[in-house]
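Beneath this line is the structure, given in structure tokens, with notes to follow.
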Amino acid sequence: MTQDPAAPDVTQRFGPRARDYARARPRYPGALPELLARALGLAPQARIVDLGCGTGLSSEPFLEAGYAVLGVEPNAAMRAQAGALAAAWPRFTLLDGRAEATGLPAGAADLLVAAQAFHWFDVPAARAEALRILRRPACAALLWNDRRETGSPFAAGYEALVRRYSPDYLEIKHRHAREDRVRQFFGHGNWGTIRIEHGDTLDQETLAARLNSASYMPGPADPAHAPMMAELRALFEATAEGGAVRMEFDTRVLYGSIDPAAAA
């Protein structure tokens with residue numbers, strides 16, 4: 001797939017949101033590395049490449065589990081936010097690159113992860129690059145934090161607000177669920193699925209930062225931003241308990257090995 005020169009570069013969507021992203025986006029479950037290690041036979045000394053690592057949220061659980069992580073991120077503002085993680089973890093190497101052209105040498109890693117990022121990839125090009133940089137078997141795990149849309153007045157109200165103010169939300173949500181792209185990436189339909197329930201508690205300020213971290217929501221310069229934030233404040237005041245609301249997630253992990261024979 002050739003990028004239209006006139007089309008916006010999707011890697012730059014999060015630049016203005018990087019600070020809110022680092023501060024307020026949900027983390028990934030600490031149990032994730034161990035579950036993937038068991039499912040894929042991952043050795044303790046394995047090297048992980050995190051494509052579209054952003055501010056490093058998806059790299060963090062693997063670092064905490066003792067793995068070395070190569071974080072590849074094309075957006076300069078997001079990489080700058082990830083710099084604090086790189087300073088704290090010597091096993092974290094941060095690189096300027098993209099899923100389709102990482103800049104890594106061949107056979108550099110044992111597992112590829114892409115968290116909340118795969119839906120932006122050019123799948124054929126990212127698949128070819130994954131097969132180049134991964135040792136065999138070419139193991140990969142695609143991750144999404146799927147926010148629960150129902151289950152509480154807050155969850156239902158937040159979903160309604162997002163749908164009301166974002167013209168892109170449903171399209172991006174649909175891209176998250178496209179199994180044809182996953183099948184194309186792995187080269188087959190035989191991948192496994194892990195789901196992990198988790199959630200976090202947000203005060204009003206952190207909730208506002210989380211909403212503002214989403215690239216599909218109106219930014220501060222948009223006339224819709226002020227009324228959107230006013231509605232968010234009203235939702236918080238109506239549903240908060242003890243000065244906070246609870247946002248629940250299912251971390252969805254599609255994992256398996258990429259079939260090199262299907263590349264042709």
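Ordering of the structure tokens sets the chain letters (A, B, ...); residue numbers start at 1 within each chain; ligands are numbered from 1 in the order shown.
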task = Pick out the residues sitting within 12 Å of Ala101 in chain A, and hand them over as a list in words; count only C-alpha atoms, and ignore anything fewer than 5 positions along from it in its own chain.
result =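 Everything that qualifies: Leu51, Gly52, Val72, Glu73, Pro74, Leu95, Asp96, Ala106, Phe121, Asp122, Pro124, Ala125, Ala126, Arg127, Ala128, Glu129, Ala130, Leu131, Arg132 and Ile133 of chain A.
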message = Applying 12 Å and only C-alpha atoms, which residues near Ala37 in chain A remain after dropping the ones on its own chain fewer than 2 positions away? List them as an NGL selection string.
response = :A and (31-35 or 39-48 or 62 or 65-67 or 110-111 or 139-141 or 255-256)
Residues from the last selection, C-alpha atoms, saved as a CSV table (one decimal), in the first residue's frame:
chain,number,residue,atom,x,y,z
A,31,ALA,CA,0.4,-10.4,34.3
A,32,LEU,CA,0.8,-9.9,30.6
A,33,PRO,CA,4.5,-10.8,30.1
A,34,GLU,CA,4.2,-14.1,32.1
A,35,LEU,CA,1.0,-15.1,30.2
A,39,ALA,CA,1.9,-19.2,25.6
A,40,LEU,CA,4.8,-18.6,23.2
A,41,GLY,CA,7.7,-20.3,25.1
A,42,LEU,CA,9.5,-17.0,25.6
A,43,ALA,CA,12.9,-17.4,27.3
A,44,PRO,CA,13.9,-15.0,30.2
A,45,GLN,CA,16.7,-13.5,28.1
A,46,ALA,CA,14.4,-12.8,25.2
A,47,ARG,CA,14.5,-9.3,23.5
A,48,ILE,CA,11.2,-7.6,22.9
A,62,PHE,CA,8.0,-6.2,30.0
A,65,ALA,CA,9.4,-8.6,34.2
A,66,GLY,CA,13.1,-8.4,33.4
A,67,TYR,CA,13.1,-8.3,29.6
A,110,ASP,CA,12.4,-12.6,19.8
A,111,LEU,CA,9.0,-11.1,20.2
A,139,CYS,CA,6.4,-14.5,17.5
A,140,ALA,CA,4.1,-11.4,17.8
A,141,ALA,CA,1.4,-10.1,20.1
A,255,TYR,CA,-0.7,-13.7,19.8
A,256,GLY,CA,1.0,-16.3,17.6
Within 8 Å of range 219-235 of chain A using only C-alpha atoms, minus same-chain residues under 4 positions, as a PyMOL selection string = chain A and resi 154+157-158+161+165+204+208+212+239
task = Looking only at alpha helix (DSSP H) from DSSP on the backbone, list the matching residues of range 25-243 of chain A as a PyMOL selection string.
result = chain A and resi 32-40+60-64+76-88+123-133+153-165+169-176+179-186+204-212+225-239
ask   = Could you write out, as a VMD selection string, all the residues of range 113-241 of chain A that DSSP marks as strand (DSSP E)?
value = chain A and resid 113 to 115 134 to 147 192 to 202
Residue selection dump (C-alpha atoms) as an mmCIF file, in the first residue's frame:
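out-v8.cif written:
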data_model
loop_
_atom_site.group_PDB
_atom_site.id
_atom_site.type_symbol
_atom_site.label_atom_id
_atom_site.label_comp_id
_atom_site.auth_asym_id
_atom_site.auth_seq_id
_atom_site.Cartn_x
_atom_site.Cartn_y
_atom_site.Cartn_z
ATOM 1 C CA VAL A 113 4.441 -6.392 20.510
ATOM 2 C CA ALA A 114 2.223 -3.612 19.201
ATOM 3 C CA ALA A 115 -0.090 -2.051 21.768
ATOM 4 C CA LEU A 134 12.419 -11.380 14.366
ATOM 5 C CA ARG A 135 14.285 -14.577 15.114
ATOM 6 C CA ARG A 136 12.396 -17.788 14.371
ATOM 7 C CA PRO A 137 9.728 -18.577 15.312
ATOM 8 C CA ALA A 138 8.597 -15.047 14.487
ATOM 9 C CA CYS A 139 6.385 -14.451 17.532
ATOM 10 C CA ALA A 140 4.081 -11.448 17.799
ATOM 11 C CA ALA A 141 1.391 -10.108 20.119
ATOM 12 C CA LEU A 142 -1.088 -7.372 19.178
ATOM 13 C CA LEU A 143 -2.615 -5.596 22.183
ATOM 14 C CA TRP A 144 -5.573 -3.322 22.765
ATOM 15 C CA ASN A 145 -7.051 -1.909 25.954
ATOM 16 C CA ASP A 146 -10.766 -2.162 25.142
ATOM 17 C CA ARG A 147 -12.736 0.205 27.357
ATOM 18 C CA GLY A 192 -4.594 -17.276 20.164
ATOM 19 C CA THR A 193 -6.473 -14.736 22.249
ATOM 20 C CA ILE A 194 -5.845 -13.673 25.837
ATOM 21 C CA ARG A 195 -8.227 -11.332 27.653
ATOM 22 C CA ILE A 196 -7.303 -9.716 30.950
ATOM 23 C CA GLU A 197 -9.781 -7.673 32.975
ATOM 24 C CA HIS A 198 -8.440 -4.568 34.684
ATOM 25 C CA GLY A 199 -9.315 -0.966 35.389
ATOM 26 C CA ASP A 200 -8.246 2.215 37.106
ATOM 27 C CA THR A 201 -9.647 4.965 39.305
ATOM 28 C CA LEU A 202 -9.527 8.528 37.985
#
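Minimum atom-to-atom distances from A:Leu57, A:Met217, A:Ile258, A:Val245 to Tyr21 in chain A were compared using only C-alpha atoms, and the lowest value belongs to A:Leu57.
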d(CA of Arg164 in chain A, CA of Glu179 in chain A) in Å =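 Atom-to-atom, CA of Arg164 in chain A and CA of Glu179 in chain A are spaced 26.6 Å apart.
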